[in-house]
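One file, query.csv, is given below (CSV, C-alpha atoms).
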chain,number,residue,atom,x,y,z
R,1,MET,CA,0.0,0.0,0.0
R,2,THR,CA,1.3,3.4,-0.8
R,3,GLY,CA,1.7,6.0,1.9
R,4,ARG,CA,-1.3,7.9,0.5
R,5,ALA,CA,-3.5,4.8,0.4
R,6,ALA,CA,-2.5,3.9,3.9
R,7,GLU,CA,-3.3,7.4,5.1
R,8,LEU,CA,-6.7,7.2,3.4
R,9,VAL,CA,-7.5,3.8,5.0
R,10,GLY,CA,-6.5,5.2,8.4
R,11,ARG,CA,-8.8,8.2,7.8
R,12,VAL,CA,-11.7,5.9,6.8
R,13,LEU,CA,-11.2,3.7,9.9
R,14,ASP,CA,-11.1,6.8,12.1
R,15,ALA,CA,-14.3,8.0,10.4
R,16,THR,CA,-16.0,4.6,10.9
R,17,TYR,CA,-15.1,4.7,14.6
R,18,ALA,CA,-16.4,8.3,15.0
R,19,GLU,CA,-19.6,7.5,13.2
R,20,VAL,CA,-20.3,4.5,15.4
R,21,ALA,CA,-19.3,6.5,18.5
R,22,GLU,CA,-21.8,9.3,17.6
R,23,HIS,CA,-24.7,7.4,16.0
R,24,GLY,CA,-24.3,3.8,17.0
R,25,LEU,CA,-23.6,0.7,14.9
R,26,GLY,CA,-27.1,0.2,13.5
R,27,ALA,CA,-27.1,3.6,11.8
R,28,LEU,CA,-23.6,3.2,10.2
R,29,THR,CA,-23.5,3.6,6.4
R,30,VAL,CA,-20.7,3.6,3.9
R,31,GLU,CA,-22.0,7.0,2.6
R,32,ALA,CA,-21.6,8.6,6.1
R,33,VAL,CA,-18.2,7.2,6.5
R,34,ALA,CA,-17.1,8.5,3.1
R,35,VAL,CA,-18.4,12.0,3.8
R,36,ARG,CA,-16.7,12.1,7.2
R,37,ALA,CA,-13.4,10.9,5.8
R,38,GLY,CA,-13.6,13.5,3.0
R,39,SER,CA,-13.8,10.8,0.4
R,40,SER,CA,-16.3,9.2,-1.9
R,41,ARG,CA,-18.3,6.0,-1.6
R,42,ALA,CA,-16.6,4.6,-4.7
R,43,THR,CA,-13.1,5.2,-3.2
R,44,VAL,CA,-14.2,3.7,0.1
R,45,TYR,CA,-15.4,0.6,-1.7
R,46,ARG,CA,-12.2,0.4,-3.7
R,47,HIS,CA,-10.3,0.0,-0.4
R,48,PHE,CA,-13.0,-1.9,1.4
R,49,PRO,CA,-14.7,-4.1,-1.1
R,50,GLY,CA,-16.7,-5.8,1.7
R,51,GLY,CA,-18.4,-2.4,2.3
R,52,ARG,CA,-20.0,-1.8,5.7
R,53,ASP,CA,-19.2,-5.2,7.2
R,54,GLU,CA,-15.5,-4.8,6.3
R,55,LEU,CA,-15.4,-1.3,7.7
R,56,VAL,CA,-16.8,-2.6,11.0
R,57,GLU,CA,-14.5,-5.6,11.1
R,58,ARG,CA,-11.3,-3.7,10.3
R,59,THR,CA,-12.2,-0.9,12.8
R,60,ILE,CA,-12.7,-3.5,15.5
R,61,ARG,CA,-9.4,-5.2,14.7
R,62,ARG,CA,-7.6,-1.9,14.9
R,63,GLU,CA,-9.3,-1.0,18.2
R,64,VAL,CA,-8.4,-4.4,19.6
R,65,GLY,CA,-4.7,-3.9,18.6
R,66,ARG,CA,-4.7,-0.5,20.2
R,67,PHE,CA,-6.5,-1.7,23.3
R,68,PHE,CA,-4.0,-4.6,23.8
R,69,ALA,CA,-1.0,-2.2,23.4
R,70,GLU,CA,-2.5,0.1,25.9
R,71,VAL,CA,-3.1,-2.7,28.4
R,72,LEU,CA,0.5,-3.9,28.0
R,73,ASP,CA,1.7,-0.3,28.6
R,74,ALA,CA,-0.3,0.1,31.7
R,75,ALA,CA,0.8,-3.2,33.4
R,76,PRO,CA,4.0,-3.5,35.5
R,77,PRO,CA,7.0,-4.5,33.4
R,78,PRO,CA,7.1,-8.2,32.5
R,79,ALA,CA,10.7,-8.4,33.7
R,80,GLY,CA,9.5,-8.3,37.3
R,81,ASP,CA,7.2,-10.6,39.3
R,82,LEU,CA,5.0,-12.7,37.0
R,83,VAL,CA,1.9,-12.6,39.3
R,84,ASP,CA,2.2,-8.8,39.5
R,85,HIS,CA,2.5,-8.5,35.7
R,86,VAL,CA,-0.5,-10.8,34.9
R,87,ALA,CA,-2.6,-9.1,37.7
R,88,GLY,CA,-1.6,-5.7,36.3
R,89,LEU,CA,-2.7,-6.8,32.8
R,90,MET,CA,-6.1,-7.8,34.2
R,91,ALA,CA,-6.5,-4.7,36.3
R,92,ALA,CA,-5.6,-2.5,33.3
R,93,ALA,CA,-7.9,-4.4,30.9
R,94,HIS,CA,-10.7,-4.3,33.4
R,95,ARG,CA,-10.3,-0.5,33.9
R,96,LEU,CA,-9.9,0.3,30.2
R,97,LEU,CA,-12.9,-1.8,29.3
R,98,ASP,CA,-14.9,0.0,31.9
R,99,GLU,CA,-13.7,3.4,30.7
R,100,HIS,CA,-14.3,2.5,27.0
R,101,GLU,CA,-17.3,4.7,26.6
R,102,VAL,CA,-18.1,3.7,23.0
R,103,LEU,CA,-17.9,0.0,23.8
R,104,GLN,CA,-19.9,0.3,27.0
R,105,ARG,CA,-22.6,2.3,25.2
R,106,LEU,CA,-22.8,-0.3,22.4
R,107,LEU,CA,-23.0,-3.1,24.9
R,108,VAL,CA,-26.0,-1.5,26.5
R,109,ASP,CA,-27.8,0.1,23.6
R,110,GLU,CA,-26.9,-2.3,20.8
R,111,ALA,CA,-25.8,-5.5,22.4
R,112,ASP,CA,-27.4,-7.7,19.8
R,113,ALA,CA,-25.5,-5.8,17.1
R,114,ILE,CA,-22.1,-5.5,18.7
R,115,VAL,CA,-21.6,-8.8,20.5
R,116,PRO,CA,-21.7,-10.9,17.4
R,117,SER,CA,-19.1,-8.6,15.8
R,118,LEU,CA,-16.9,-9.2,18.9
R,119,ALA,CA,-16.8,-12.9,18.0
R,120,LEU,CA,-13.7,-12.1,16.0
R,121,VAL,CA,-12.1,-10.2,18.9
R,122,PHE,CA,-11.8,-13.0,21.4
R,123,PRO,CA,-9.5,-15.3,19.4
R,124,LEU,CA,-7.4,-12.3,18.4
R,125,VAL,CA,-6.8,-11.1,21.9
R,126,GLU,CA,-6.4,-14.7,23.2
R,127,GLN,CA,-3.7,-15.5,20.7
R,128,ALA,CA,-1.8,-12.3,21.2
R,129,LEU,CA,-2.0,-12.7,25.0
R,130,ALA,CA,-1.0,-16.4,24.9
R,131,GLY,CA,2.0,-15.5,22.7
R,132,HIS,CA,3.0,-12.8,25.2
R,133,LEU,CA,2.7,-15.1,28.2
R,134,ARG,CA,4.5,-17.9,26.4
R,135,GLY,CA,7.5,-15.6,25.9
R,136,LEU,CA,7.5,-14.8,29.6
R,137,LEU,CA,7.2,-18.4,30.7
R,138,GLU,CA,9.9,-19.5,28.4
R,139,GLN,CA,12.3,-17.1,30.1
R,140,GLY,CA,11.3,-18.7,33.4
R,141,ALA,CA,9.9,-15.5,34.9
R,142,GLY,CA,12.8,-15.0,37.2
R,143,GLY,CA,12.8,-18.6,38.5
R,144,ALA,CA,9.2,-18.5,39.5
R,145,VAL,CA,8.1,-21.2,37.0
R,146,ARG,CA,8.0,-24.8,38.1
R,147,ALA,CA,10.3,-27.2,36.3
R,148,GLY,CA,8.6,-29.3,33.6
R,149,VAL,CA,5.7,-27.0,33.0
R,150,ASP,CA,4.3,-27.3,29.4
R,151,VAL,CA,4.8,-23.6,28.6
R,152,ALA,CA,2.6,-23.4,25.6
R,153,GLY,CA,-0.2,-25.2,27.4
R,154,ALA,CA,0.1,-23.0,30.4
R,155,ALA,CA,0.2,-19.8,28.3
R,156,ASP,CA,-3.0,-20.9,26.4
R,157,HIS,CA,-4.8,-21.8,29.6
R,158,CYS,CA,-3.8,-18.5,31.4
R,159,ALA,CA,-4.8,-16.4,28.3
R,160,ARG,CA,-8.2,-18.0,28.1
R,161,LEU,CA,-8.8,-17.3,31.8
R,162,VAL,CA,-7.6,-13.7,31.7
R,163,LEU,CA,-10.1,-13.1,28.9
R,164,SER,CA,-12.9,-14.9,30.7
R,165,TYR,CA,-12.4,-13.0,34.0
R,166,VAL,CA,-11.9,-9.6,32.5
R,167,GLY,CA,-14.9,-10.0,30.2
R,168,SER,CA,-17.2,-11.0,33.1
R,169,PRO,CA,-15.6,-10.8,36.6
R,170,GLY,CA,-18.1,-13.3,38.3
R,171,ARG,CA,-17.3,-13.6,42.0
R,172,TRP,CA,-14.2,-11.5,41.8
R,173,ASP,CA,-13.7,-7.8,42.4
R,174,LEU,CA,-11.4,-6.7,39.7
R,175,ASP,CA,-11.2,-3.2,41.2
R,176,ASP,CA,-9.2,-4.6,44.1
R,177,PRO,CA,-5.5,-5.2,43.1
R,178,ALA,CA,-4.9,-7.6,46.0
R,179,GLU,CA,-7.9,-9.7,45.0
R,180,ILE,CA,-6.7,-9.9,41.4
R,181,ARG,CA,-3.2,-11.0,42.6
R,182,ARG,CA,-4.9,-13.8,44.7
R,183,LEU,CA,-6.9,-14.8,41.6
R,184,VAL,CA,-3.8,-15.0,39.4
R,185,ARG,CA,-1.7,-16.9,42.0
R,186,THR,CA,-4.3,-19.4,43.2
R,187,HIS,CA,-6.3,-19.9,40.0
R,188,LEU,CA,-4.7,-18.8,36.8
R,189,LEU,CA,-1.1,-19.8,37.6
R,190,ALA,CA,-1.8,-22.3,40.4
R,191,GLY,CA,0.0,-25.1,38.6
R,192,VAL,CA,2.7,-23.0,37.0
R,193,LEU,CA,4.4,-21.2,39.8
R,194,VAL,CA,6.9,-22.7,42.2
T,1,MET,CA,-24.1,-42.0,27.0
T,2,GLY,CA,-21.9,-38.9,26.9
T,3,ALA,CA,-21.9,-38.8,23.1
T,4,ILE,CA,-24.9,-36.8,22.2
T,5,SER,CA,-26.4,-37.3,18.8
T,6,ILE,CA,-29.7,-35.5,18.3
T,7,THR,CA,-31.6,-38.5,17.3
T,8,ASP,CA,-30.6,-41.2,19.8
T,9,ALA,CA,-30.3,-38.8,22.8
T,10,THR,CA,-33.9,-37.6,22.7
T,11,PRO,CA,-36.0,-39.4,25.3
T,12,ALA,CA,-37.1,-42.9,24.2
T,13,GLY,CA,-40.0,-42.5,21.8
T,14,ALA,CA,-39.6,-38.8,21.3
T,15,THR,CA,-39.8,-39.1,17.6
T,16,GLY,CA,-41.9,-42.2,17.5
T,17,ALA,CA,-45.6,-42.8,17.9
T,18,GLY,CA,-45.7,-42.5,21.7
T,19,ALA,CA,-44.1,-39.1,21.7
T,20,THR,CA,-46.1,-36.0,22.6
T,21,ASN,CA,-46.2,-33.2,20.0
T,22,GLU,CA,-44.1,-31.1,22.3
T,23,GLU,CA,-41.3,-33.8,22.3
T,24,ARG,CA,-41.6,-34.3,18.6
T,25,ILE,CA,-41.3,-30.6,17.9
T,26,ARG,CA,-38.4,-30.1,20.2
T,27,ALA,CA,-36.5,-33.0,18.5
T,28,ALA,CA,-37.3,-31.6,15.1
T,29,ALA,CA,-36.1,-28.2,16.1
T,30,LEU,CA,-32.7,-29.6,17.2
T,31,ASP,CA,-32.5,-31.5,13.9
T,32,CYS,CA,-33.2,-28.4,11.9
T,33,ILE,CA,-30.8,-26.3,13.9
T,34,ALA,CA,-28.1,-28.9,13.4
T,35,ARG,CA,-28.6,-28.7,9.7
T,36,HIS,CA,-29.3,-25.0,9.1
T,37,GLY,CA,-28.4,-23.1,12.2
T,38,VAL,CA,-30.8,-21.0,14.3
T,39,SER,CA,-31.4,-18.0,12.1
T,40,LYS,CA,-32.2,-20.0,9.0
T,41,THR,CA,-34.5,-22.4,10.7
T,42,THR,CA,-38.2,-21.5,10.2
T,43,VAL,CA,-41.3,-22.6,12.0
T,44,ASP,CA,-42.4,-24.3,8.8
T,45,ASP,CA,-39.2,-26.4,8.6
T,46,VAL,CA,-39.7,-27.6,12.2
T,47,ALA,CA,-43.4,-28.4,11.7
T,48,ARG,CA,-42.6,-30.3,8.5
T,49,GLN,CA,-39.8,-32.2,10.2
T,50,ALA,CA,-41.9,-33.0,13.2
T,51,GLY,CA,-44.9,-34.1,11.1
T,52,VAL,CA,-47.2,-31.6,12.7
T,53,SER,CA,-49.1,-28.7,11.3
T,54,ARG,CA,-48.1,-25.1,11.8
T,55,ALA,CA,-51.3,-24.6,13.9
T,56,THR,CA,-50.2,-27.4,16.2
T,57,LEU,CA,-46.8,-26.0,16.6
T,58,TYR,CA,-48.1,-22.6,17.5
T,59,ARG,CA,-50.6,-24.2,20.0
T,60,VAL,CA,-47.7,-25.9,21.8
T,61,PHE,CA,-45.3,-23.0,21.4
T,62,PRO,CA,-47.5,-19.9,21.3
T,63,GLY,CA,-44.7,-17.5,20.7
T,64,GLY,CA,-43.5,-19.4,17.6
T,65,LYS,CA,-39.8,-19.6,16.9
T,66,ASP,CA,-38.5,-17.6,19.8
T,67,THR,CA,-40.4,-19.6,22.4
T,68,LEU,CA,-39.4,-22.8,20.7
T,69,VAL,CA,-35.7,-21.9,20.6
T,70,ASP,CA,-35.9,-20.9,24.3
T,71,ALA,CA,-37.6,-24.1,25.2
T,72,VAL,CA,-35.1,-26.2,23.3
T,73,LEU,CA,-32.2,-24.3,24.9
T,74,GLY,CA,-33.6,-24.7,28.4
T,75,ARG,CA,-34.2,-28.3,27.9
T,76,GLU,CA,-30.7,-29.0,26.5
T,77,VAL,CA,-29.1,-27.1,29.4
T,78,ALA,CA,-31.2,-29.1,31.9
T,79,ARG,CA,-30.1,-32.3,30.1
T,80,PHE,CA,-26.4,-31.2,30.3
T,81,PHE,CA,-26.5,-30.7,34.0
T,82,ALA,CA,-28.4,-33.9,34.6
T,83,ASP,CA,-25.9,-35.8,32.6
T,84,LEU,CA,-23.0,-34.2,34.4
T,85,ALA,CA,-24.5,-34.8,37.9
T,86,VAL,CA,-24.7,-38.5,37.2
T,87,GLU,CA,-21.0,-38.5,36.3
T,88,LEU,CA,-19.9,-36.3,39.2
T,89,ARG,CA,-21.7,-38.5,41.8
T,90,ARG,CA,-19.5,-41.4,40.8
T,91,HIS,CA,-16.2,-40.0,42.0
T,92,ASP,CA,-14.7,-39.7,45.5
T,93,ASP,CA,-11.2,-38.8,44.4
T,94,PRO,CA,-10.7,-35.2,43.5
T,95,GLU,CA,-8.5,-35.8,40.5
T,96,ALA,CA,-10.9,-38.4,39.1
T,97,LEU,CA,-13.8,-36.0,39.8
T,98,LEU,CA,-12.3,-33.2,37.9
T,99,VAL,CA,-11.1,-35.3,35.0
T,100,ALA,CA,-14.5,-37.0,34.7
T,101,GLY,CA,-16.5,-33.7,35.2
T,102,VAL,CA,-14.5,-31.5,32.8
T,103,GLY,CA,-14.2,-34.3,30.2
T,104,ARG,CA,-17.9,-35.2,30.4
T,105,ALA,CA,-18.9,-31.5,30.1
T,106,LEU,CA,-16.6,-30.9,27.1
T,107,ARG,CA,-17.7,-34.1,25.4
T,108,PHE,CA,-21.4,-33.3,25.8
T,109,ILE,CA,-20.8,-30.0,24.1
T,110,ALA,CA,-18.4,-31.3,21.4
T,111,ASP,CA,-20.8,-34.0,20.5
T,112,HIS,CA,-24.0,-31.9,20.5
T,113,GLU,CA,-24.7,-31.6,16.8
T,114,ALA,CA,-27.1,-28.6,17.0
T,115,LEU,CA,-24.8,-26.7,19.4
T,116,GLN,CA,-21.7,-27.4,17.2
T,117,ALA,CA,-23.6,-26.2,14.1
T,118,VAL,CA,-24.4,-22.9,15.9
T,119,VAL,CA,-20.9,-22.5,17.3
T,120,ALA,CA,-19.4,-23.0,13.8
T,121,THR,CA,-21.8,-20.9,11.7
T,122,GLU,CA,-23.3,-18.4,14.2
T,123,PRO,CA,-20.6,-17.8,16.8
T,124,GLY,CA,-22.0,-14.4,17.5
T,125,LEU,CA,-25.3,-15.9,18.6
T,126,VAL,CA,-23.6,-18.1,21.2
T,127,LEU,CA,-21.5,-15.2,22.3
T,128,SER,CA,-24.5,-13.1,22.8
T,129,LEU,CA,-25.6,-15.6,25.4
T,130,VAL,CA,-22.4,-15.8,27.3
T,131,ALA,CA,-20.3,-12.7,26.7
T,132,PHE,CA,-19.7,-9.8,29.1
T,133,HIS,CA,-22.6,-9.1,31.5
T,134,ARG,CA,-24.7,-11.9,29.8
T,135,LEU,CA,-22.3,-14.4,31.3
T,136,GLY,CA,-23.2,-13.5,34.9
T,137,PRO,CA,-26.3,-15.6,35.3
T,138,VAL,CA,-24.9,-18.5,33.4
T,139,LEU,CA,-21.8,-18.5,35.6
T,140,ASP,CA,-23.8,-18.2,38.8
T,141,ALA,CA,-26.0,-21.1,37.9
T,142,ALA,CA,-23.2,-23.4,36.7
T,143,THR,CA,-21.0,-22.5,39.7
T,144,ALA,CA,-23.8,-23.2,42.2
T,145,PHE,CA,-24.3,-26.5,40.5
T,146,ALA,CA,-20.6,-27.6,40.6
T,147,ALA,CA,-19.6,-26.2,44.0
T,148,PRO,CA,-21.2,-28.8,46.3
T,149,PHE,CA,-19.3,-31.6,44.4
T,150,LEU,CA,-16.0,-29.7,45.1
T,151,ARG,CA,-16.7,-28.8,48.7
T,152,PRO,CA,-15.6,-32.1,50.3
T,153,HIS,CA,-12.2,-31.7,48.6
T,154,VAL,CA,-11.3,-28.2,49.8
T,155,PRO,CA,-8.2,-28.7,52.0
T,156,ALA,CA,-8.9,-28.7,55.8
T,157,GLY,CA,-7.9,-25.4,57.4
T,158,ASP,CA,-9.3,-23.3,54.6
T,159,PRO,CA,-10.8,-20.2,56.3
T,160,ASP,CA,-13.7,-20.1,53.8
T,161,PRO,CA,-14.3,-23.6,52.4
T,162,GLU,CA,-17.7,-22.7,50.9
T,163,GLY,CA,-16.2,-19.7,49.1
T,164,THR,CA,-13.2,-21.7,47.9
T,165,ALA,CA,-15.5,-24.4,46.5
T,166,LEU,CA,-17.5,-21.7,44.6
T,167,ASP,CA,-14.2,-20.0,43.4
T,168,VAL,CA,-12.9,-23.3,42.0
T,169,ALA,CA,-16.3,-24.2,40.6
T,170,GLU,CA,-16.3,-20.9,38.7
T,171,LEU,CA,-12.8,-21.6,37.4
T,172,LEU,CA,-13.9,-25.0,36.0
T,173,VAL,CA,-17.0,-23.5,34.4
T,174,ARG,CA,-14.9,-20.8,32.7
T,175,VAL,CA,-12.4,-23.4,31.4
T,176,VAL,CA,-15.2,-25.5,30.0
T,177,LEU,CA,-17.0,-22.5,28.4
T,178,SER,CA,-13.8,-21.2,26.9
T,179,HIS,CA,-13.0,-24.5,25.3
T,180,ALA,CA,-16.6,-24.9,24.2
T,181,LEU,CA,-16.5,-21.6,22.4
T,182,ARG,CA,-12.9,-21.8,21.1
T,183,PRO,CA,-11.8,-25.4,20.9
T,184,SER,CA,-8.1,-25.9,21.4
T,185,PRO,CA,-6.1,-28.3,19.2
T,186,ARG,CA,-4.3,-29.3,22.4
T,187,LEU,CA,-7.4,-30.5,24.1
T,188,ASP,CA,-9.5,-33.1,22.4
T,189,PRO,CA,-12.4,-33.8,24.7
T,190,HIS,CA,-12.4,-37.5,23.7
T,191,ASP,CA,-8.7,-37.9,24.6
T,192,GLU,CA,-8.9,-38.6,28.3
T,193,ALA,CA,-5.2,-38.3,28.7
T,194,ALA,CA,-5.3,-34.8,27.4
T,195,VAL,CA,-8.1,-33.8,29.7
T,196,ALA,CA,-6.2,-35.4,32.6
T,197,ARG,CA,-3.1,-33.4,31.7
T,198,LEU,CA,-5.1,-30.2,31.9
T,199,VAL,CA,-6.6,-31.1,35.2
T,200,ARG,CA,-3.3,-32.2,36.8
T,201,ALA,CA,-1.4,-29.2,35.4
T,202,HIS,CA,-3.8,-26.4,36.1
T,203,LEU,CA,-7.1,-27.3,37.8
T,204,LEU,CA,-6.3,-29.7,40.6
T,205,PRO,CA,-3.6,-27.3,41.9
T,206,ALA,CA,-6.2,-24.6,42.2
T,207,LEU,CA,-8.4,-26.9,44.3
T,208,LEU,CA,-5.7,-28.4,46.4
T,209,THR,CA,-3.3,-25.6,46.9
T,210,GLU,CA,-2.9,-24.9,50.6
T,211,PRO,CA,-5.0,-21.9,51.5
T,212,HIS,CA,-3.1,-18.6,51.4
T,213,PRO,CA,-3.6,-16.3,54.3
T,214,PRO,CA,-6.5,-13.9,53.7
T,215,THR,CA,-5.3,-11.5,51.0
T,216,LYS,CA,-6.5,-8.3,52.4
T,217,GLU,CA,-4.5,-8.4,55.6
T,218,SER,CA,-1.4,-9.9,54.1
T,219,GLU,CA,-0.9,-8.1,50.9
T,220,VAL,CA,-2.2,-4.6,51.0
T,221,THR,CA,0.9,-2.5,51.2
T,222,ARG,CA,-0.3,0.6,49.6
Mind turning the file's structure into structure tokens?
Amino acid sequence: MTGRAAELVGRVLDATYAEVAEHGLGALTVEAVAVRAGSSRATVYRHFPGGRDELVERTIRREVGRFFAEVLDAAPPPAGDLVDHVAGLMAAAHRLLDEHEVLQRLLVDEADAIVPSLALVFPLVEQALAGHLRGLLEQGAGGAVRAGVDVAGAADHCARLVLSYVGSPGRWDLDDPAEIRRLVRTHLLAGVLV
Amino acid sequence: MGAISITDATPAGATGAGATNEERIRAAALDCIARHGVSKTTVDDVARQAGVSRATLYRVFPGGKDTLVDAVLGREVARFFADLAVELRRHDDPEALLVAGVGRALRFIADHEALQAVVATEPGLVLSLVAFHRLGPVLDAATAFAAPFLRPHVPAGDPDPEGTALDVAELLVRVVLSHALRPSPRLDPHDEAAVARLVRAHLLPALLTEPHPPTKESEVTR
């Protein structure tokens, strides 16, 4: 993609996000996105042949990538204590989800429209997170990892659970850092840590 | 049992002459969903498959498709828990209990043709039942079901054994749900050794780990 095309695609995705934020998902049209991006319908379709669905999907993918980067940034550095790091990831993800006004509004007002679109998000985040955790476990996390642990399996298991608890906290208070640490140590990494 | 196929798992006679219309319609709905998914299944399809008239179907399920889908879902969930309870009552050893319970739950889900069709072709629909705040009631019900089976295995000395049983039950429910929605190539539900590995590596330690001192007193440093 040329710089110009990439810039246009970025502008169209920004416009899609802004349209959804302002008017909701149900009201989204390619026309409105094109106008907002200062482009034309034909140009938008040239870059997004899938039209509206593709706009939504690629906007979600970009948001997820940004969200994940923000969560990693907000957590304590992975070089330190593994429980602290994973608990920090969960606390940050919980807080950022809570503060994500657009997502929260969509979950309330247009749950039936947005939740199915999020089906593509879970595997994306899960894979990214499992990859991240696997790297940490392979390095031994400062000697905290039990000998003989199947690192790939442990990373997959832990990533699934991080997503599960952050998505719906259940019996746990994810606003309480001490409680998250207990959850991570006794449930998510129970079989992994020395 | 364990392996659920829509035709042989319906109660005896559900599709035969002795079946009530309600049973016949429910079995037909599962059949249709297994073939076409939920959104493409119509009341006409189900009525034809069940060998009843549209009018009869609406008499039994007055709300039409929505009521029917809810009834089928409710019935299958009840069947799932009944099946699981039978398995869980058989085991006194905690490892055997977890291996059998997690394995049975995952196999029921993996072998349920209608559910698998929906997971494969309409993942958003499944997610809309169990994602974010929608998961709360599902989690509560499943956790309350599983906790009493775990309670006898909570290590002595745990300051809050009921709470620990509920916490671990919730963990198990989440593991099963996660693998039901996004199956992992490393966990074939029919491979008992693979299920046992997961249980021994990650789930049993959560149940049997010596209780840590209450968190709030010991860890709050800020």
Inset, instruction - Record the distance separating CA of Ala100 in chain T and CA of Arg75 in chain T, expressed in Å with one decimal. - result: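 Interatomic distance here is 22.6 Å.
Residues with any atom within 9 Å of range 94-98 of chain R, counting only C-alpha atoms and excluding same-chain neighbours fewer than 4 positions away, are Phe67, Glu70, Val71, Leu89, Met90, Leu103, Gln104, Tyr165, Val166, Gly167, Pro169, Leu174 and Asp175 of chain R.
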Report as a tab-separated table the residues of chain T within 7 Å of chain R, each with its shortest atom pair and distance in Å (one decimal), using only C-alpha atoms, ordered by chain and increasing residue number.
residue	atom	partner	partner_atom	distance
T:Pro123	CA	R:Ala119	CA	6.3
T:Gly124	CA	R:Pro116	CA	3.5
T:Leu125	CA	R:Pro116	CA	6.3
T:Leu127	CA	R:Pro116	CA	6.5
T:Ser128	CA	R:Val115	CA	5.7
T:Ala131	CA	R:Gly167	CA	7.0
T:Phe132	CA	R:Ser168	CA	4.9
T:His133	CA	R:Ser168	CA	5.9
T:Leu135	CA	R:Ser168	CA	6.4
T:Gly136	CA	R:Gly170	CA	6.1
T:Leu139	CA	R:Gly170	CA	6.9
T:Arg174	CA	R:Ser164	CA	6.5
T:Ser178	CA	R:Arg160	CA	6.6
T:Ala201	CA	R:Gly191	CA	5.4
T:His202	CA	R:Gly191	CA	4.7
T:Pro205	CA	R:Gly191	CA	5.4
T:Ala206	CA	R:His187	CA	5.2
T:Thr215	CA	R:Ala178	CA	6.4
T:Lys216	CA	R:Ala178	CA	6.6
T:Glu219	CA	R:Ala178	CA	6.3
T:Val220	CA	R:Ala178	CA	6.4
Legend entry - Shell of 9 Å around Leu177 in chain T, only C-alpha atoms, local chain residues under 3 positions omitted, as an MDAnalysis selection string: (chainID R and resid 164) or (chainID T and resid 106 130 172:174 180:182)
Inset, instruction - Enter the distance from CA of Thr2 in chain R to CA of Leu25 in chain R, in Å, rounded to one decimal. - result: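 Straight-line distance from CA of Thr2 in chain R to CA of Leu25 in chain R works out to 29.6 Å.
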Inset, instruction - Just the residues within 8 Å of range 116-118 of chain T, please, counting all atoms listed in the file, with nothing from its chain fewer than 6 positions along; format it as an MDAnalysis selection string. - result: chainID T and resid 33:38 109:110 125:126
Legend entry - Non-local contacts of Leu166 in chain T (8 Å; all atoms listed in the file; under 2 positions in same chain excluded) as an MDAnalysis selection string: chainID T and resid 143:144 146:147 162:164 168:170
Legend entry - Coordinates-based distance that separates CA of Asp44 in chain T from CA of Ala19 in chain T (Å, one decimal):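 Separating CA of Ala19 in chain T from CA of Asp44 in chain T is a distance of 19.7 Å.
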Legend entry - Non-local contacts of Ala34 in chain R (7 Å; all atoms listed in the file; under 6 positions in same chain excluded) as a PyMOL selection string: chain R and resi 40-41+44
Determine the axis-aligned bounding box of all atoms of range 129-143 of chain R present in the file, pad each side by 6 Å, and express its centre and edge lengths in Å to one decimal place as AutoDock Vina command-line options.
--center_x 5.4 --center_y -16.1 --center_z 30.6 --size_x 26.8 --size_y 18.8 --size_z 27.8
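With only C-alpha atoms as the basis for measurement, T:Ala141 is the residue among T:Ala29, T:Val52, T:Ala141, T:Val99 that approaches Val77 in chain T most closely.
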Inset, instruction - List every protein, DNA or RNA residue that has an atom no more than 12 Å from (-33.3, -31.5, 11.7) in the file's coordinate frame, counting only C-alpha atoms, and report them as a PyMOL selection string. - result: chain T and resi 5-7+15+24-38+40-51+113-114+117
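Of the listed residues R:Val35, R:Leu82, R:Ala92, R:Val9, the one whose atoms come nearest to Gly135 in chain R is R:Leu82, with distances taken using all atoms listed in the file.
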Range 18-25 of chain R rebuilt with N, CA and C atoms, output as an mmCIF file, in the frame of the given file:
data_model
loop_
_atom_site.group_PDB
_atom_site.id
_atom_site.type_symbol
_atom_site.label_atom_id
_atom_site.label_comp_id
_atom_site.auth_asym_id
_atom_site.auth_seq_id
_atom_site.Cartn_x
_atom_site.Cartn_y
_atom_site.Cartn_z
ATOM 1 N N ALA R 18 -15.671 7.046 14.520
ATOM 2 C CA ALA R 18 -16.400 8.300 15.000
ATOM 3 C C ALA R 18 -17.853 8.195 14.684
ATOM 4 N N GLU R 19 -18.207 7.635 13.540
ATOM 5 C CA GLU R 19 -19.600 7.500 13.200
ATOM 6 C C GLU R 19 -20.333 6.566 14.188
ATOM 7 N N VAL R 20 -19.682 5.427 14.487
ATOM 8 C CA VAL R 20 -20.300 4.500 15.400
ATOM 9 C C VAL R 20 -20.394 5.127 16.812
ATOM 10 N N ALA R 21 -19.334 5.857 17.203
ATOM 11 C CA ALA R 21 -19.300 6.500 18.500
ATOM 12 C C ALA R 21 -20.501 7.502 18.609
ATOM 13 N N GLU R 22 -20.748 8.208 17.514
ATOM 14 C CA GLU R 22 -21.800 9.300 17.600
ATOM 15 C C GLU R 22 -23.183 8.713 17.356
ATOM 16 N N HIS R 23 -23.331 7.824 16.381
ATOM 17 C CA HIS R 23 -24.700 7.400 16.000
ATOM 18 C C HIS R 23 -25.034 5.986 16.240
ATOM 19 N N GLY R 24 -24.069 5.207 16.715
ATOM 20 C CA GLY R 24 -24.300 3.800 17.000
ATOM 21 C C GLY R 24 -24.023 2.941 15.754
ATOM 22 N N LEU R 25 -24.018 1.635 15.984
ATOM 23 C CA LEU R 25 -23.600 0.700 14.900
ATOM 24 C C LEU R 25 -24.743 0.507 13.904
#
